[in-house]
Every structure is written in C-alpha cells, then in structure tokens.
file model.txt (compact mmCIF, C-alpha atoms)
# COMPACT_ATOMS: atom_id res chain seq x y z
CA MET B 1 -25.44 -0.84 80.97
CA GLN B 2 -25.46 -3.79 78.76
CA GLU B 3 -22.84 -4.30 76.05
CA PRO B 4 -24.13 -4.67 72.51
CA ASP B 5 -23.76 -8.04 70.91
CA PRO B 6 -20.92 -8.24 68.43
CA PRO B 7 -22.08 -8.36 64.82
CA VAL B 8 -22.50 -11.77 63.37
CA ILE B 9 -20.48 -12.23 60.21
CA GLN B 10 -22.10 -14.60 57.78
CA PRO B 11 -20.28 -16.12 54.82
CA PHE B 12 -21.07 -14.57 51.39
CA THR B 13 -23.33 -16.65 49.24
CA PHE B 14 -23.09 -16.02 45.51
CA VAL B 15 -26.36 -15.75 43.68
CA PHE B 16 -26.15 -16.04 39.89
CA SER B 17 -28.18 -13.51 37.94
CA TRP B 18 -28.57 -13.44 34.17
CA ARG B 19 -29.17 -9.68 34.28
CA ARG B 20 -25.86 -9.05 36.08
CA PHE B 21 -24.04 -11.48 33.74
CA SER B 22 -25.48 -9.73 30.63
CA LEU B 23 -24.51 -6.30 31.98
CA HIS B 24 -20.90 -7.40 32.58
CA CYS B 25 -20.69 -9.01 29.12
CA ALA B 26 -22.01 -5.81 27.50
CA ILE B 27 -19.44 -3.70 29.37
CA MET B 28 -16.58 -6.04 28.37
CA GLY B 29 -17.77 -6.15 24.74
CA PHE B 30 -17.89 -2.36 24.59
CA CYS B 31 -14.36 -2.13 26.02
CA VAL B 32 -13.05 -4.62 23.45
CA LEU B 33 -14.77 -2.67 20.65
CA LEU B 34 -13.18 0.59 21.84
CA GLY B 35 -9.79 -1.10 21.99
CA LEU B 36 -10.09 -2.43 18.45
CA MET B 37 -11.26 0.94 17.11
CA THR B 38 -8.34 2.68 18.80
CA TRP B 39 -5.90 0.20 17.27
CA TYR B 40 -7.45 0.55 13.80
CA PHE B 41 -7.67 4.36 13.73
CA ALA B 42 -4.27 4.88 15.35
CA LYS B 43 -2.48 3.73 12.18
CA PRO B 44 -2.71 6.69 9.77
CA HIS B 45 -1.72 6.24 6.16
CA SER B 46 1.73 7.45 5.33
CA ILE B 47 1.64 10.35 2.88
CA ARG B 48 4.80 11.91 1.46
CA PHE B 49 4.88 15.22 -0.38
CA TYR B 50 7.40 16.09 -3.09
CA GLU B 51 7.71 19.62 -4.45
CA THR B 52 10.12 21.50 -6.71
CA LYS B 53 10.74 25.25 -7.01
CA SER B 54 12.11 27.32 -9.88
CA GLU B 55 15.15 25.91 -11.68
CA GLU B 56 14.91 22.76 -9.60
CA GLN B 57 14.06 19.24 -10.75
CA LEU B 58 13.76 16.14 -8.62
CA THR B 59 14.27 12.47 -9.44
CA THR B 60 13.55 9.92 -6.72
CA ALA B 61 12.46 6.33 -6.14
CA ILE B 62 9.00 6.33 -4.57
CA ALA B 63 8.88 2.53 -4.27
CA PRO B 64 11.12 -0.37 -5.27
CA ASP B 65 11.29 -0.38 -9.10
CA ILE B 66 9.22 2.83 -9.39
CA ASP B 67 11.08 6.07 -10.14
CA MET B 68 9.53 9.50 -10.40
CA ALA B 69 10.92 12.72 -11.88
CA LEU B 70 9.38 16.12 -11.19
CA ASP B 71 9.79 19.17 -13.41
CA THR B 72 10.19 22.71 -12.03
CA TYR B 73 7.21 24.12 -10.09
CA SER B 74 5.69 20.67 -9.62
CA SER B 75 4.26 18.91 -6.60
CA VAL B 76 2.81 15.47 -5.86
CA ALA B 77 1.49 13.58 -2.85
CA VAL B 78 2.42 9.88 -2.55
CA LYS B 79 0.22 7.67 -0.37
CA ASP B 80 1.73 4.36 0.69
CA SER B 81 -1.05 1.88 0.05
CA GLN B 82 -1.76 -1.04 -2.24
CA PRO B 83 -1.72 0.05 -5.06
CA LEU B 84 0.67 2.97 -4.55
CA GLN B 85 -1.36 6.17 -5.00
CA VAL B 86 0.11 9.41 -6.34
CA GLU B 87 -1.82 12.65 -6.72
CA LEU B 88 -0.42 15.26 -9.08
CA LEU B 89 -1.12 18.63 -7.48
CA ARG B 90 0.59 20.82 -10.10
CA GLY B 91 3.25 20.72 -12.81
CA ASN B 92 4.80 17.85 -14.75
CA VAL B 93 5.78 14.37 -13.63
CA TYR B 94 7.48 11.41 -15.33
CA PHE B 95 7.21 7.83 -14.07
CA ASP B 96 9.52 4.92 -14.85
CA ILE B 97 7.95 1.67 -13.61
CA ARG B 98 9.97 -1.45 -14.28
CA LYS B 99 8.20 -4.63 -15.38
CA ASN B 100 9.06 -6.50 -12.17
CA ALA B 101 7.64 -3.76 -9.89
CA THR B 102 5.74 -5.36 -7.02
CA ASN B 103 3.56 -2.27 -6.58
CA THR B 104 1.13 -1.09 -9.17
CA LEU B 105 0.68 2.63 -9.52
CA GLU B 106 -2.48 4.68 -9.47
CA VAL B 107 -2.16 8.38 -10.34
CA LYS B 108 -4.92 10.89 -9.62
CA VAL B 109 -5.15 14.15 -11.55
CA GLY B 110 -8.26 16.04 -10.46
CA ASN B 111 -11.06 13.48 -10.74
CA VAL B 112 -9.18 11.37 -13.30
CA ILE B 113 -7.57 8.07 -12.27
CA ILE B 114 -4.64 6.64 -14.28
CA LYS B 115 -3.76 2.99 -13.64
CA ASP B 116 -0.42 1.55 -14.62
CA THR B 117 1.91 -1.42 -14.25
CA GLY B 118 5.35 -1.60 -15.82
CA THR B 119 5.59 1.40 -18.16
CA ARG B 120 7.20 4.79 -18.64
CA PHE B 121 4.94 7.81 -19.07
CA SER B 122 4.62 11.51 -18.31
CA ILE B 123 1.74 13.71 -17.21
CA ARG B 124 1.61 17.48 -17.72
CA MET B 125 -0.95 19.52 -15.84
CA HIS B 126 -1.91 22.87 -17.40
CA LYS B 127 -3.17 25.94 -15.53
CA ASP B 128 -6.53 25.85 -17.39
CA GLY B 129 -7.46 22.52 -15.74
CA SER B 130 -6.66 20.30 -18.70
CA SER B 131 -3.80 17.81 -18.69
CA ASN B 132 -1.72 15.81 -21.12
CA ILE B 133 -0.44 12.25 -20.86
CA ALA B 134 2.23 10.64 -23.05
CA VAL B 135 3.42 7.02 -22.89
CA ALA B 136 7.04 6.11 -23.72
CA ASP B 137 6.75 2.36 -23.16
CA GLY B 138 3.86 -0.02 -22.40
CA HIS B 139 0.31 1.23 -21.90
CA ILE B 140 -1.85 2.91 -19.28
CA LYS B 141 -5.58 3.00 -18.60
CA ILE B 142 -7.15 6.35 -17.95
CA HIS B 143 -10.52 6.58 -16.17
CA VAL B 144 -12.50 9.74 -16.97
CA ALA B 145 -16.22 10.51 -16.58
CA SER B 146 -17.00 9.41 -20.16
CA GLY B 147 -15.29 5.99 -19.80
CA VAL B 148 -12.00 4.11 -19.63
CA TYR B 149 -9.40 4.63 -22.36
CA GLN B 150 -6.09 2.95 -23.09
CA ILE B 151 -3.04 4.95 -24.22
CA ASN B 152 -0.26 2.84 -25.76
CA THR B 153 3.47 3.25 -26.49
CA LEU B 154 4.39 6.51 -28.29
CA GLU B 155 0.85 7.88 -27.98
CA GLN B 156 -0.30 11.03 -26.29
CA ALA B 157 -3.69 12.44 -25.32
CA ASP B 158 -5.15 15.54 -23.70
CA PHE B 159 -7.71 14.97 -20.95
CA ASP B 160 -9.81 16.70 -18.36
CA ASP B 161 -12.25 15.33 -15.78
CA ALA B 162 -14.88 14.57 -18.42
CA ARG B 163 -13.16 13.28 -21.58
CA ILE B 164 -10.10 12.45 -23.67
CA SER B 165 -9.22 14.58 -26.70
CA LYS B 166 -6.46 14.83 -29.32
CA HIS B 167 -5.37 11.18 -29.01
CA ARG B 168 -2.36 11.02 -31.35
CA LEU B 169 1.07 9.54 -32.05
CA VAL B 170 4.12 11.31 -30.66
CA ALA B 171 7.90 11.09 -30.98
CA GLU B 172 9.81 9.71 -27.99
CA HIS B 173 11.67 12.97 -27.31
CA ASP B 174 8.29 14.79 -26.94
CA ILE B 175 7.06 12.53 -24.11
CA ALA B 176 8.84 14.45 -21.34
CA PRO B 177 11.02 17.09 -23.01
CA TRP B 178 12.05 18.52 -19.63
CA HIS B 179 13.32 15.09 -18.39
CA HIS B 180 16.87 14.09 -19.40

call {"tool": "encode", "arguments": {"input": "model.txt", "output": "structure tokens"}}
result
Amino acid sequence: MQEPDPPVIQPFTFVFSWRRFSLHCAIMGFCVLLGLMTWYFAKPHSIRFYETKSEEQLTTAIAPDIDMALDTYSSVAVKDSQPLQVELLRGNVYFDIRKNATNTLEVKVGNVIIKDTGTRFSIRMHKDGSSNIAVADGHIKIHVASGVYQINTLEQADFDDARISKHRLVAEHDIAPWHH
C-alpha cells in the first residue's frame, strides 16, 4: 500500500474586495451607532418630587439662588435641565429667585408655561382646573393658548389653559398668605 502524499501548505494570498470592505465598514458603523445611542439614552433626566401632607409646609432650595416653598397638600416635580423645569401637580407654591440666579425657571401648570428670571411669585392651583398667579417682585411671562402675557410686581391674575382673567393689583400680604 502506498502512503498518501502529505498535504501541500501554500501561503495565504490576500485578495482585496470592495464588497467585503463595504460590509465590514457597515458592520463597524452600525456598532458605533449602537454605542452612541446607548450612551445617549443611558443618561435619564433627573426628576425630583416634593410633596406636603396636612399641616405640613416645606421650604427648600431647588437650585442655587432659587428657593421654593410648598403649602399643605401640595406637590411639584422638578426636572434638572436648562432652564430648570418645575411642574405644579397640586396645591400652592411660592418661588424666590434671586437676581443673580444662574438658572432660569420654567413652571408648568397644566398646559400653561410660566417663564421667570429673578423674581418672587406664588401660584395657587384650584380644584376646578383654574389657577392664580401673584408676583411680589419683578415680572413673569405666562404662556397660555390665547397668547403671552406679562404679570408685574404686586399684580395678580387668574388663568387656565386657554386665557388670563381678572388681572388686577394686589397687596403684598395677599401674594402667598400661607407663606411666612
């Protein structure tokens, strides 16, 4: 019997192919895209909730130079973003924003947006869906469906999602009577 010849090992010769190169580039690009999406979506926004119960009030700093006071049975959600976003969920809230505050504040009440920098003001949310805003110092801009309105120092207005009503002057002690 005759022994088989040992296999002949030939050196590998690389053959460049545009199709193979394009396939590898597409795979690498897809992997990079997935990595970037994972990095972007992995950073959720920080949201803090503040809530008070009966016979309980809360005063806290929600950002440097921005203080917030909650009345009884009140709750808000604070989203750390630029500008700082606060959503009034129920009750009454008072904000004290100093002039040198680095963050601006945006408050959402239903579909209404209230924009502010460097003022003191209070918002009261009523059970019927209407709300009231009163400004102690400075001015705010309130965005409702019918337009943008400005409320100035010692003024107060009722509002809902659609419009502003009863825009009037108010005494300072009536701005947030529950806040000391």

call {"tool": "atom_distance", "arguments": {"input": "model.txt", "atom1": "CA of Thr72 in chain B", "atom2": "CA of Gln57 in chain B"}}
result
5.4 Å

call {"tool": "axis_aligned_box", "arguments": {"input": "model.txt", "around": "range 23-34 of chain B", "padding_each_side": "6 Å", "output": "AutoDock Vina command-line options"}}
result
--center_x -18.8 --center_y -4.2 --center_z 26.6 --size_x 23.5 --size_y 21.6 --size_z 23.9

call {"tool": "closest_residue", "arguments": {"input": "model.txt", "among": "B:Leu84, B:Ile114, B:Ala145, B:Met28", "to": "Ile47 in chain B", "atoms": "only C-alpha atoms"}}
result
B:Leu84

call {"tool": "closest_residue", "arguments": {"input": "model.txt", "among": "B:Trp39, B:Phe16, B:Phe159, B:Tyr73", "to": "His143 in chain B", "atoms": "all atoms listed in the file"}}
result
B:Phe159

call {"tool": "atom_distance", "arguments": {"input": "model.txt", "atom1": "CA of Ile97 in chain B", "atom2": "CA of Lys79 in chain B"}}
result
16.5 Å

call {"tool": "closest_residue", "arguments": {"input": "model.txt", "among": "B:Thr52, B:Thr60, B:Gln150, B:Ser130", "to": "Asp96 in chain B", "atoms": "all atoms listed in the file"}}
result
B:Thr60

call {"tool": "closest_residue", "arguments": {"input": "model.txt", "among": "B:Val112, B:Val86, B:Val93, B:Ile175", "to": "Lys141 in chain B", "atoms": "all atoms listed in the file"}}
result
B:Val112

call {"tool": "residues_near_point", "arguments": {"input": "model.txt", "point": "(-2.9, 11.5, -8.7)", "cutoff": "7 Å", "atoms": "only C-alpha atoms", "output": "list of chain:residue names"}}
result
B:Gln85, B:Val86, B:Glu87, B:Leu88, B:Glu106, B:Val107, B:Lys108, B:Val109, B:Ile113

call {"tool": "atom_distance", "arguments": {"input": "model.txt", "atom1": "CA of Phe95 in chain B", "atom2": "CA of His126 in chain B"}}
result
17.9 Å

call {"tool": "residues_around", "arguments": {"input": "model.txt", "residues": "His139 in chain B", "least_positions_apart": "3", "cutoff": "10 Å", "atoms": "only C-alpha atoms", "output": "VMD selection string"}}
result
chain B and resid 115 to 121 134 to 136 142 150 to 155

call {"tool": "closest_residue", "arguments": {"input": "model.txt", "among": "B:Ser17, B:Asp174, B:Leu105, B:Leu169", "to": "Ile140 in chain B", "atoms": "all atoms listed in the file"}}
result
B:Leu105

call {"tool": "closest_residue", "arguments": {"input": "model.txt", "among": "B:Leu58, B:Ala63, B:Val170, B:Val15", "to": "Gln156 in chain B", "atoms": "all atoms listed in the file"}}
result
B:Val170
